[in-house]
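To start, the structure itself, in structure tokens.
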Amino acid sequence: MRPILMKGHERPLTFLKYNRDGDLLFSCAKDHTPTVWYGHNGERLGTYRGHNGAVWCCDVSRDSTRLITSSADQTVKLWNVETGTQLFSFNFESPARAVDLAEGDKLVVITTDPFMELPSAIHIKRIEKDLSKQSADSILTITGIKGRINRAVWGPLNRTIISGGEDAVVRIWDSETGKLLRESEKETGHQKPITSLFKSADGSHFLTGSLDKSAKLWDIRTLTLIKTYVTERPVNAVAISPLLDHVVIGGGQEASHVTTTDRRAGKFEAKFFHKILEEEIGGVKGHFGPINALAFNPDGRSFASGGEDGYVRLHHFDSEYFHIKM
Amino acid sequence: MEKVGDSKASAKVRWGELEEEDNEDLDFLLPPPKVVGPDENGVKKIIEFRFNDQGQKVQKTTTTRIRKVAKARLSKRALERREWRKFGDAVNEDTGSRLTMVSTEEILLERPKAPGTKEDDPRSGGGDPLSAALAGAAKGGAVLMVCRICGKKGDHWTSKCPYKDLAPAAAEGLGLDKPPQAADSAAGSGAPGGKGAYVPPSLRAGATVDRTSDTSNMRRRNDENSVRVTNLSEDTREADLQELFKPFGHITRVYVAVDQRTGMSRGFGFVNFANREDAQRAINKLNGYGYDNLILRVEWATPRQT
């Protein structure tokens, strides 16, 4: 396949997200400007100007009219997707790390980093359709987690919130009371910080990727560990194919190995694993730096990867991909 | 759809010429523009004919390759979004901007190699414990030093192996015998220090050659029986040369220069025969021989010996 290279960001990529129809791809990077691209040919549609710090995460509403982004400048901003105008800004006391819109786009979960004496926290806020009524208050705030929370997503029916972060523990919280419902176990869970989390298309299971060079598949309601995928590299980004039983894992390189391994240009790869057999299907090379973001088009026929090199690579699968036999 | 265009104009159009009416009268002499439709590779050629300033008929060929990268099935909303105006930093973008490019390389979903095979060079029976060691090393991520001869990891590369003078052909059947043999030769290698690690067979432990002047001659002759092979393909290894030169006689040593970083052959190697006549025959027969898509050059390693 011929990947389409998009170099719109001057700094490393942090997050990629497709909209529900799969025709728009939103990219966040450390360069303060989230960008939107067309998903079929990689043509840039526009950028959202307004943040003053690295943009860590984003989410887009189901009708693709609203975009929400979280940034290290301690704000979470709501944008009009089509025009690029900023609609609202939530201010925090510390850098905002992750955002996720709930089903129905009426609620949003935001995580903030520990900063000075402030511990890390999970905030739930309401998003109004009519922005004149928009308030900045949190409906719920959850604290008490040690370390940074790298990702937080909504569980089925918006009843729960799943979080994963630096303390390597996956937690399930009740979204109305804020009570901790479940926690992953120390022995079977990750051993190093969890860097990424991706829900399956139907929301019944999710994949976490960690610096301990593995990715784990969990049931979203019971938090049972279903599968583990082992790679040689610390994992920075994970994604689940909505069409086939594949998972993609993207990673980096251990800092200690940088000088001892031969650095062939373009050899950082996104590894494909069979979701059920846990076996490696193959790798797609090309990035010049560690892969920090992965996203699958909802139709399952293309995927995008964003790297430390500032490039977004958009891959449309060949017909052979759909006939891979294990 | 992505288009990659490449146009070759065989004549410049001078603005002065454009004003003249005369050219139009002669247009009927020009053949009509020809379109060679997209072939199976999507290559389309448009040939246009024109008169240049000297009144000569020239043709301009435009070659375009149309390649369908993806099929987009869009919902109604998505179609509407295609019509959106650019905003933010994209406002001043023209189609010539180089932000979005189709990769020039074809990237494949590379299937993982089966365990026991080496990543870069195919081995023609180099011995399973060796390739397993290598595969293990490759999987480890970091580069470990693996010696192909003794199979020991992390100690030395093949060219620094203390047992490197053993002919690899022996390895096929005598895989197990090598370590004990090697142990003996290691003991014997201490004696003739002048040659570094190389120990000729006559001086190894357990050698039954009588120590007359023959031994020094043998040592010298072995190097005089050295044949240099150049223009090797990148995945040629010692075992390949061994097989290739075996029919000409007994080989005491093969060596292929390999780039340590990439694992590819540097294109040359040496074969030492036991007898000069064998070496001469090998040179005669194999010089110019086609091997793995390249024409081999086989000659004496040292300057011309007749």
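Ordering of the structure tokens sets the chain letters (A, B, ...); residue numbers start at 1 within each chain; ligands are numbered from 1 in the order shown.
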Item to complete: With a distance cut-off of 9 Å and only C-alpha atoms, select the neighbouring residues of segment 275-284 of chain B, excluding the residue or stretch itself and same-chain residues fewer than 6 positions from it, and output the selection as a ChimeraX atom specification.
Response: /B:221-222,224-227,245,247-251,297-300
Item to complete: Select all residues from chain B having any atom no more than 6 Å from an atom of chain A (counting only C-alpha atoms, ignoring ligands), output as a ChimeraX atom specification.
Response: /B:86-90,99-103,106-107,109-112,142-143
Residues as selected, N, CA and C atoms, written as an mmCIF file, in the first residue's frame, can you do that?
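File produced: out08.cif:
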```cif
data_model
loop_
_atom_site.group_PDB
_atom_site.id
_atom_site.type_symbol
_atom_site.label_atom_id
_atom_site.label_comp_id
_atom_site.auth_asym_id
_atom_site.auth_seq_id
_atom_site.Cartn_x
_atom_site.Cartn_y
_atom_site.Cartn_z
ATOM 1 N N LYS B 86 -11.705 25.951 3.689
ATOM 2 C CA LYS B 86 -10.559 25.765 4.552
ATOM 3 C C LYS B 86 -10.520 26.853 5.612
ATOM 4 N N PHE B 87 -9.983 26.535 6.775
ATOM 5 C CA PHE B 87 -9.904 27.523 7.841
ATOM 6 C C PHE B 87 -8.586 27.348 8.577
ATOM 7 N N GLY B 88 -8.358 28.288 9.479
ATOM 8 C CA GLY B 88 -7.128 28.215 10.270
ATOM 9 C C GLY B 88 -5.915 28.398 9.376
ATOM 10 N N ASP B 89 -4.901 27.589 9.604
ATOM 11 C CA ASP B 89 -3.666 27.738 8.836
ATOM 12 C C ASP B 89 -3.821 27.267 7.405
ATOM 13 N N ALA B 90 -4.905 26.602 7.118
ATOM 14 C CA ALA B 90 -5.061 26.035 5.783
ATOM 15 C C ALA B 90 -5.662 27.019 4.803
ATOM 16 N N LEU B 99 2.184 19.557 1.870
ATOM 17 C CA LEU B 99 1.888 18.993 3.180
ATOM 18 C C LEU B 99 1.490 17.538 3.079
ATOM 19 N N THR B 100 0.695 17.251 2.091
ATOM 20 C CA THR B 100 0.192 15.895 1.930
ATOM 21 C C THR B 100 0.826 15.286 0.701
ATOM 22 N N MET B 101 1.523 14.195 0.887
ATOM 23 C CA MET B 101 2.181 13.558 -0.248
ATOM 24 C C MET B 101 1.931 12.072 -0.189
ATOM 25 N N VAL B 102 1.816 11.461 -1.321
ATOM 26 C CA VAL B 102 1.742 10.007 -1.329
ATOM 27 C C VAL B 102 3.170 9.496 -1.237
ATOM 28 N N SER B 103 3.356 8.500 -0.423
ATOM 29 C CA SER B 103 4.699 7.979 -0.228
ATOM 30 C C SER B 103 5.258 7.417 -1.529
ATOM 31 N N GLU B 106 6.586 1.761 -1.657
ATOM 32 C CA GLU B 106 5.474 0.860 -1.410
ATOM 33 C C GLU B 106 5.725 0.211 -0.048
ATOM 34 N N ILE B 107 4.802 0.390 0.856
ATOM 35 C CA ILE B 107 4.985 -0.175 2.192
ATOM 36 C C ILE B 107 4.064 -1.371 2.320
ATOM 37 N N LEU B 109 2.579 -4.764 4.621
ATOM 38 C CA LEU B 109 2.409 -5.340 5.944
ATOM 39 C C LEU B 109 3.345 -6.541 5.976
ATOM 40 N N GLU B 110 4.504 -6.370 6.583
ATOM 41 C CA GLU B 110 5.509 -7.421 6.516
ATOM 42 C C GLU B 110 5.182 -8.516 7.494
ATOM 43 N N ARG B 111 5.051 -9.733 6.965
ATOM 44 C CA ARG B 111 4.741 -10.843 7.834
ATOM 45 C C ARG B 111 5.975 -11.160 8.654
ATOM 46 N N PRO B 112 5.805 -11.596 9.874
ATOM 47 C CA PRO B 112 6.971 -11.935 10.685
ATOM 48 C C PRO B 112 7.621 -13.206 10.170
ATOM 49 N N ALA B 142 18.280 -5.680 21.232
ATOM 50 C CA ALA B 142 19.628 -5.120 21.188
ATOM 51 C C ALA B 142 20.515 -6.019 20.346
ATOM 52 N N VAL B 143 21.593 -5.444 19.828
ATOM 53 C CA VAL B 143 22.480 -6.234 18.987
ATOM 54 C C VAL B 143 23.411 -7.043 19.869
#
```
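For the pair atom CA of Ser175 of chain A and atom CA of Asn158 of chain A, the interatomic distance is 7.1 Å.
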Would you pick out the contacts of Phe268 of chain A at 8 Å or less, using only C-alpha atoms, so that residues sharing its chain but fewer than 5 positions from it are not included, and give the list as a PDB file with N, CA and C atoms, in the first residue's frame?
```pdb
ATOM      1  N   GLY A 251       4.827   1.703  18.937  1.00  0.00           N
ATOM      2  CA  GLY A 251       5.665   1.957  20.088  1.00  0.00           C
ATOM      3  C   GLY A 251       6.890   2.747  19.753  1.00  0.00           C
ATOM      4  N   GLY A 252       7.769   2.736  20.712  1.00  0.00           N
ATOM      5  CA  GLY A 252       8.978   3.517  20.549  1.00  0.00           C
ATOM      6  C   GLY A 252      10.195   2.646  20.672  1.00  0.00           C
ATOM      7  N   LYS A 285       6.140  -0.574   8.415  1.00  0.00           N
ATOM      8  CA  LYS A 285       7.240   0.319   8.755  1.00  0.00           C
ATOM      9  C   LYS A 285       7.019   1.678   8.138  1.00  0.00           C
ATOM     10  N   GLY A 286       7.913   2.577   8.448  1.00  0.00           N
ATOM     11  CA  GLY A 286       7.884   3.858   7.747  1.00  0.00           C
ATOM     12  C   GLY A 286       8.159   5.054   8.609  1.00  0.00           C
ATOM     13  N   HIS A 287       7.796   5.002   9.865  1.00  0.00           N
ATOM     14  CA  HIS A 287       8.013   6.193  10.688  1.00  0.00           C
ATOM     15  C   HIS A 287       9.480   6.348  11.027  1.00  0.00           C
ATOM     16  N   PHE A 288       9.884   7.602  11.117  1.00  0.00           N
ATOM     17  CA  PHE A 288      11.269   7.893  11.447  1.00  0.00           C
ATOM     18  C   PHE A 288      11.474   8.071  12.934  1.00  0.00           C
ATOM     19  N   GLY A 289      10.400   7.957  13.667  1.00  0.00           N
ATOM     20  CA  GLY A 289      10.525   8.103  15.105  1.00  0.00           C
ATOM     21  C   GLY A 289       9.466   7.252  15.753  1.00  0.00           C
ATOM     22  N   PRO A 290       9.487   7.142  17.085  1.00  0.00           N
ATOM     23  CA  PRO A 290       8.493   6.293  17.759  1.00  0.00           C
ATOM     24  C   PRO A 290       7.069   6.722  17.399  1.00  0.00           C
ATOM     25  N   ILE A 291       6.200   5.724  17.349  1.00  0.00           N
ATOM     26  CA  ILE A 291       4.812   5.990  17.000  1.00  0.00           C
ATOM     27  C   ILE A 291       4.074   6.376  18.271  1.00  0.00           C
TER      28      ILE A 291
END
```
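Going from atom CA of Glu185 of chain A over to atom CA of Lys146 of chain A, you cover 15.9 Å.
Picture a line from atom CA of Lys77 of chain A to atom CA of Phe90 of chain A; it runs 6.2 Å.
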Segment 62-172 of chain A near segment 196-220 of chain A within 10 Å: what's each residue's closest atom pair and its distance in Å to one decimal, counting only C-alpha atoms, ordered by chain then ascending residue number, as a tab-separated table?
```
residue	atom	partner	partner_atom	distance
A:Asn150	CA	A:Ser196	CA	6.8
A:Arg151	CA	A:Leu197	CA	6.2
A:Ala152	CA	A:Leu197	CA	7.7
A:Val153	CA	A:Lys199	CA	8.0
A:Trp154	CA	A:Lys199	CA	9.1
A:Gly155	CA	A:Ile220	CA	6.8
A:Pro156	CA	A:Gly203	CA	6.4
A:Leu157	CA	A:Gly203	CA	9.5
A:Thr160	CA	A:Ile220	CA	9.3
A:Ile161	CA	A:Ile220	CA	9.8
A:Ile162	CA	A:Ile220	CA	8.1
A:Ser163	CA	A:Leu197	CA	8.4
A:Gly164	CA	A:Leu197	CA	7.4
A:Gly165	CA	A:Ser196	CA	8.3
A:Glu166	CA	A:Ser210	CA	9.1
A:Ala168	CA	A:Ser210	CA	7.7
A:Val170	CA	A:Thr208	CA	8.6
A:Ile172	CA	A:Ile220	CA	8.6
```
